[in-house]
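Chemist: mmCIF, C-alpha atoms and all ligand atoms, saved as coords34.cif, coming up:
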```
data_work
loop_
_atom_site.label_atom_id
_atom_site.label_comp_id
_atom_site.auth_asym_id
_atom_site.auth_seq_id
_atom_site.Cartn_x
_atom_site.Cartn_y
_atom_site.Cartn_z
CA MET A 1 2.73 14.71 19.22
CA LYS A 2 1.93 11.09 19.69
CA SER A 3 1.43 9.79 23.16
CA GLY A 4 3.17 6.63 24.26
CA GLY A 5 2.05 3.10 23.77
CA GLY A 6 4.42 0.17 23.58
CA ALA A 7 2.12 -2.38 22.04
CA SER A 8 2.69 -3.51 18.51
CA GLN A 9 -0.16 -3.55 16.09
CA GLU A 10 -0.69 -5.21 12.72
CA PRO A 11 2.32 -6.04 10.57
CA PRO A 12 3.41 -3.34 8.18
CA LYS A 13 1.95 -4.91 5.09
CA THR A 14 1.41 -1.65 3.27
CA GLN A 15 5.13 -1.06 3.42
CA GLU A 16 5.88 -3.43 0.54
CA ARG A 17 4.53 -1.16 -2.13
CA THR A 18 6.08 2.06 -0.95
CA GLU A 19 7.96 4.08 -3.51
CA TYR A 20 10.19 6.98 -2.68
CA ALA A 21 10.54 10.17 -4.62
CA VAL A 22 12.21 13.53 -4.24
CA GLN A 23 11.57 16.78 -5.97
CA CYS A 24 14.38 18.54 -7.79
CA ALA A 25 15.14 21.95 -6.33
CA GLU A 26 15.68 23.41 -9.80
CA CYS A 27 13.12 21.93 -12.17
CA PHE A 28 10.65 20.64 -9.54
CA LYS A 29 10.28 17.29 -11.29
CA TRP A 30 9.81 14.22 -9.17
CA ARG A 31 12.46 11.53 -9.32
CA LEU A 32 12.18 8.04 -7.91
CA ILE A 33 14.76 7.00 -5.38
CA PRO A 34 15.43 3.26 -5.54
CA THR A 35 15.86 2.39 -1.88
CA LYS A 36 14.55 3.50 1.46
CA GLU A 37 18.11 3.83 2.73
CA GLU A 38 19.05 6.21 -0.04
CA PHE A 39 15.86 8.17 0.52
CA GLU A 40 16.54 8.45 4.25
CA ASP A 41 20.03 9.67 3.48
CA ILE A 42 18.73 12.39 1.13
CA ARG A 43 15.99 13.33 3.58
CA SER A 44 18.41 13.69 6.48
CA ARG A 45 20.13 16.70 4.89
CA PHE A 46 17.47 17.94 2.54
CA ILE A 47 17.61 21.58 3.64
CA GLU A 48 21.35 22.14 3.57
CA ASP A 49 21.89 19.87 0.58
CA PRO A 50 18.91 20.30 -1.74
CA TRP A 51 18.39 17.48 -4.15
CA LEU A 52 18.94 17.97 -7.87
CA CYS A 53 18.24 15.73 -10.85
CA SER A 54 21.95 15.65 -11.63
CA LYS A 55 22.53 13.63 -8.47
CA LYS A 56 20.83 10.71 -10.12
CA PRO A 57 23.06 8.75 -12.49
CA ASP A 58 22.52 9.67 -16.17
CA VAL A 59 19.67 12.04 -15.38
CA SER A 60 19.38 15.77 -15.90
CA CYS A 61 16.63 18.36 -15.52
CA GLU A 62 15.98 17.98 -19.26
CA ASP A 63 14.60 14.48 -18.77
CA PRO A 64 10.88 13.92 -18.20
CA ALA A 65 9.80 13.42 -14.60
CA ASP A 66 9.88 9.85 -13.29
CA ILE A 67 6.41 10.29 -11.85
CA GLU A 68 3.78 12.95 -11.56
CA TYR A 69 2.14 13.96 -8.32
CA GLY A 70 -1.08 12.05 -7.71
CA ASN A 71 -1.04 9.38 -10.38
CA LYS A 72 -3.65 7.27 -8.58
CA LYS A 73 -1.30 6.60 -5.70
CA LEU A 74 -1.44 7.84 -2.19
CA TRP A 75 1.16 10.50 -1.60
CA ALA A 76 2.57 11.51 1.73
CA ILE A 77 4.99 14.36 2.19
CA ASP A 78 7.80 13.80 4.61
CA LYS A 79 9.36 16.41 6.78
CA PRO A 80 12.85 17.38 5.64
CA ASN A 81 15.95 16.68 7.70
CA LEU A 82 14.70 13.77 9.76
CA PRO A 83 17.72 12.01 11.21
CA LYS A 84 18.81 8.84 9.52
CA PRO A 85 18.10 5.81 11.69
CA PRO A 86 21.24 4.86 13.62
CA VAL A 87 23.13 1.83 12.34
CA GLY A 88 21.31 -1.32 13.40
CA TYR A 89 17.92 0.36 13.69
CA GLU A 90 15.18 0.44 11.11
CA ARG A 91 12.51 3.12 10.93
CA ILE A 92 9.09 1.89 9.82
CA LEU A 93 5.97 3.78 8.89
CA VAL A 94 2.61 2.09 9.01
CA LEU A 95 -0.44 3.55 7.39
CA ARG A 96 -3.62 3.26 9.39
CA LYS A 97 -6.35 1.29 7.67
CA ASP A 98 -8.62 4.29 7.41
CA PHE A 99 -5.79 6.29 5.80
CA SER A 100 -6.07 8.84 8.58
CA LYS A 101 -2.38 8.92 9.44
CA PHE A 102 0.90 7.08 9.65
CA ASP A 103 2.45 5.71 12.77
CA ALA A 104 6.21 5.60 13.07
CA TYR A 105 8.22 3.06 14.96
CA TYR A 106 11.78 1.83 15.15
CA ILE A 107 13.06 -1.70 15.23
CA THR A 108 16.01 -1.87 17.57
CA PRO A 109 19.13 -4.02 17.04
CA THR A 110 17.49 -6.64 19.27
CA GLY A 111 14.39 -6.76 17.09
CA LYS A 112 12.19 -4.88 19.53
CA ARG A 113 9.57 -2.49 18.20
CA VAL A 114 9.56 0.93 19.80
CA ARG A 115 6.76 3.36 19.16
CA ALA A 116 7.67 6.44 21.18
CA PRO A 117 10.71 8.37 22.42
CA SER A 118 10.12 7.07 25.94
CA GLY A 119 10.52 3.55 24.60
CA ILE A 120 13.83 4.48 22.99
CA GLU A 121 15.08 5.93 26.27
CA LYS A 122 14.09 2.78 28.07
CA PHE A 123 15.77 0.59 25.48
CA LEU A 124 19.01 2.58 25.65
CA GLU A 125 18.99 2.36 29.44
CA GLU A 126 18.37 -1.36 29.42
CA ASN A 127 20.89 -2.07 26.69
CA PRO A 128 24.03 -0.13 27.56
CA LYS A 129 26.02 -2.01 24.97
CA TYR A 130 24.21 -0.01 22.28
CA LYS A 131 25.60 3.24 23.65
CA GLY A 132 26.82 5.88 21.27
CA VAL A 133 23.29 6.56 20.19
CA THR A 134 21.18 9.28 21.75
CA ILE A 135 17.51 10.06 21.80
CA SER A 136 18.08 12.88 19.30
CA ASP A 137 19.03 10.27 16.68
CA PHE A 138 15.39 9.24 16.61
CA ASN A 139 12.40 11.09 15.29
CA PHE A 140 8.84 9.86 15.25
CA ALA A 141 7.52 12.57 12.93
CA VAL A 142 5.28 11.06 10.31
CA PRO A 143 4.67 12.25 6.76
CA LYS A 144 1.61 14.29 5.95
CA ILE A 145 -0.94 12.35 3.96
CA MET A 146 -2.07 14.33 0.93
CA GLU A 147 -5.81 14.11 1.15
CA ASP A 148 -6.39 14.71 -2.54
CA THR A 149 -4.51 11.48 -3.31
CA ILE A 150 -6.41 9.16 -0.99
CA PRO A 151 -8.01 6.42 -3.10
CA LYS A 152 -11.78 6.76 -3.35
CA ASP A 153 -12.49 3.10 -2.70
CA VAL A 154 -10.98 2.90 0.76
CA ASP A 155 -12.96 0.44 2.79
CA GLY A 156 -10.41 -0.29 5.44
CA LYS A 157 -10.02 -3.90 4.41
CA ASN A 158 -8.50 -4.54 1.03
CA SER A 159 -5.80 -1.98 1.05
CA ALA A 160 -2.96 -4.33 0.12
CA ASN A 161 -2.77 -2.66 -3.26
CA SER A 162 -2.28 0.81 -2.01
CA SER A 163 1.06 2.34 -2.46
CA LYS A 164 2.40 5.51 -1.19
CA ARG A 165 5.23 7.77 -2.02
CA MET A 166 7.29 9.35 0.62
CA THR A 167 8.43 12.69 -0.46
CA PRO A 168 10.32 15.34 1.38
CA SER A 169 9.15 18.79 0.56
CA ILE A 170 10.06 22.02 2.19
CA ASN A 171 7.73 24.33 0.38
CA ASP A 172 4.22 23.13 0.95
CA ASP A 173 3.14 26.04 3.08
CA ASP A 174 0.97 27.62 0.45
CA ASP A 175 -1.66 24.99 -0.14
CA ASP A 176 -4.83 26.48 -1.48
CA ASP A 177 -7.88 24.82 -0.15
CA ASP A 178 -11.14 24.69 -1.99
ZN ZN B 1 15.81 18.86 -12.05
#
```
Could I get this structure in the form of structure tokens?
Ligand SMILES: [Zn+2]
Modeler:
Amino acid sequence: MKSGGGASQEPPKTQERTEYAVQCAECFKWRLIPTKEEFEDIRSRFIEDPWLCSKKPDVSCEDPADIEYGNKKLWAIDKPNLPKPPVGYERILVLRKDFSKFDAYYITPTGKRVRAPSGIEKFLEENPKYKGVTISDFNFAVPKIMEDTIPKDVDGKNSANSSKRMTPSINDDDDDDD
């Protein structure tokens, strides 16, 4: 759980290089998903509607994977079934400079940044014309950073090159640790 805080921090510059991928439930290959919106849509019903290669145009399980896990990029595994952001809202993830974790926030229809559920409640109270949306439409859960994919040369400054892949996975309970 994250505790409150309404202040905005640095701009989400690491966001530009984010790529999105999902793992096929049958062949376990990773497939790139072209847009964040499409990814959020897949993620929102990942458990009841597992993703398969055949959902991608002209792709089948026979085709080589789009990407391999690791691949010199930072990977972060998203939780499945996060709600899609309500219409008019955007959900943003910002990676901390030390790669320790992500922070999630929403941009409201008025352009306000909200970093915690309490801020959403306050916004909905103060802006009754955006009714029809409830607090359960928001989720501040952040993806788990895969430590084995953190670049070695992290110095907290020149991380503009880092990219990350957001990947829903429902079967990462059996990690072996060395
Ligand atoms: Zn497949």
Chemist: Neighbours of ligand ZN 1 (chain B) at 10 Å or closer, counting all atoms listed in the file: which residues, as a PDB file with C-alpha atoms, in the coordinates of the input?
Modeler:
```
ATOM      1  CA  GLN A  23      11.570  16.780  -5.970  1.00  0.00           C
ATOM      2  CA  CYS A  24      14.380  18.540  -7.790  1.00  0.00           C
ATOM      3  CA  ALA A  25      15.140  21.950  -6.330  1.00  0.00           C
ATOM      4  CA  GLU A  26      15.680  23.410  -9.800  1.00  0.00           C
ATOM      5  CA  CYS A  27      13.120  21.930 -12.170  1.00  0.00           C
ATOM      6  CA  PHE A  28      10.650  20.640  -9.540  1.00  0.00           C
ATOM      7  CA  LYS A  29      10.280  17.290 -11.290  1.00  0.00           C
ATOM      8  CA  TRP A  30       9.810  14.220  -9.170  1.00  0.00           C
ATOM      9  CA  ARG A  31      12.460  11.530  -9.320  1.00  0.00           C
ATOM     10  CA  TRP A  51      18.390  17.480  -4.150  1.00  0.00           C
ATOM     11  CA  LEU A  52      18.940  17.970  -7.870  1.00  0.00           C
ATOM     12  CA  CYS A  53      18.240  15.730 -10.850  1.00  0.00           C
ATOM     13  CA  SER A  54      21.950  15.650 -11.630  1.00  0.00           C
ATOM     14  CA  LYS A  55      22.530  13.630  -8.470  1.00  0.00           C
ATOM     15  CA  LYS A  56      20.830  10.710 -10.120  1.00  0.00           C
ATOM     16  CA  VAL A  59      19.670  12.040 -15.380  1.00  0.00           C
ATOM     17  CA  SER A  60      19.380  15.770 -15.900  1.00  0.00           C
ATOM     18  CA  CYS A  61      16.630  18.360 -15.520  1.00  0.00           C
ATOM     19  CA  GLU A  62      15.980  17.980 -19.260  1.00  0.00           C
ATOM     20  CA  ASP A  63      14.600  14.480 -18.770  1.00  0.00           C
ATOM     21  CA  PRO A  64      10.880  13.920 -18.200  1.00  0.00           C
ATOM     22  CA  ALA A  65       9.800  13.420 -14.600  1.00  0.00           C
TER      23      ALA A  65
END
```
Chemist: To one decimal place in Å, what is the distance between CA of Asp78 in chain A and CA of Gly111 in chain A?
Modeler: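 One can read the CA of Asp78 in chain A to CA of Gly111 in chain A distance as 24.9 Å.
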Chemist: Identify, on the basis of all atoms listed in the file, every residue whose closest approach to range 139-153 of chain A does not exceed 7 Å; exclude the query and any residue fewer than 2 positions from it along the same chain; express the result as a list in words.
Modeler: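 Here the answer would be Gly70, Lys72, Lys73, Leu74, Trp75, Ala76, Ile77, Asp78, Lys79, Leu82, Pro83, Lys101, Phe102, Asp103, Ala104, Tyr105, Ala116, Asp137 and Asp155 of chain A.
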Chemist: Report, in Å to a single decimal, how far apart CA of Ser44 in chain A and CA of Ser100 in chain A are.
Modeler: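 Straight-line distance from CA of Ser100 in chain A to CA of Ser44 in chain A works out to 25.0 Å.
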Chemist: Could you name the residues that touch Ile33 in chain A at 8 Å or less, counting all atoms listed in the file, but leaving out those on the same chain fewer than 3 positions away, as a compact mmCIF listing (two decimals) with C-alpha atoms, in the coordinates of the input?
Modeler:
```txt
# COMPACT_ATOMS: atom_id res chain seq x y z
CA GLU A 19 7.96 4.08 -3.51
CA TYR A 20 10.19 6.98 -2.68
CA ALA A 21 10.54 10.17 -4.62
CA VAL A 22 12.21 13.53 -4.24
CA LYS A 36 14.55 3.50 1.46
CA GLU A 38 19.05 6.21 -0.04
CA PHE A 39 15.86 8.17 0.52
```
Chemist: Using Å and a single decimal, report how far CA of Glu90 in chain A sits from CA of Ile107 in chain A.
Modeler: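 Separating CA of Ile107 in chain A from CA of Glu90 in chain A is a distance of 5.1 Å.
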Chemist: What lies within 10 Å of Tyr106 in chain A using only C-alpha atoms, ignoring chain neighbours under 6 positions off, as a ChimeraX atom specification?
Modeler: /A:85,89-93,112-117,119-120,138-140
Chemist: Restricting the output to C-alpha atoms, write the selected residues as a tab-separated table (two decimals), in the frame of the given file.
Modeler:
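And here is the file that came out, part.tsv:
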```tsv
chain	number	residue	atom	x	y	z
A	85	PRO	CA	18.10	5.81	11.69
A	89	TYR	CA	17.92	0.36	13.69
A	90	GLU	CA	15.18	0.44	11.11
A	91	ARG	CA	12.51	3.12	10.93
A	92	ILE	CA	9.09	1.89	9.82
A	93	LEU	CA	5.97	3.78	8.89
A	112	LYS	CA	12.19	-4.88	19.53
A	113	ARG	CA	9.57	-2.49	18.20
A	114	VAL	CA	9.56	0.93	19.80
A	115	ARG	CA	6.76	3.36	19.16
A	116	ALA	CA	7.67	6.44	21.18
A	117	PRO	CA	10.71	8.37	22.42
A	119	GLY	CA	10.52	3.55	24.60
A	120	ILE	CA	13.83	4.48	22.99
A	138	PHE	CA	15.39	9.24	16.61
A	139	ASN	CA	12.40	11.09	15.29
A	140	PHE	CA	8.84	9.86	15.25
```
Chemist: From the options A:Ser136, A:Asn71, A:Thr35, A:Asn127, which residue's atoms come nearest to Thr108 in chain A, counting only C-alpha atoms?
Modeler: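 With only C-alpha atoms as the atom set, the closest residue is A:Asn127.
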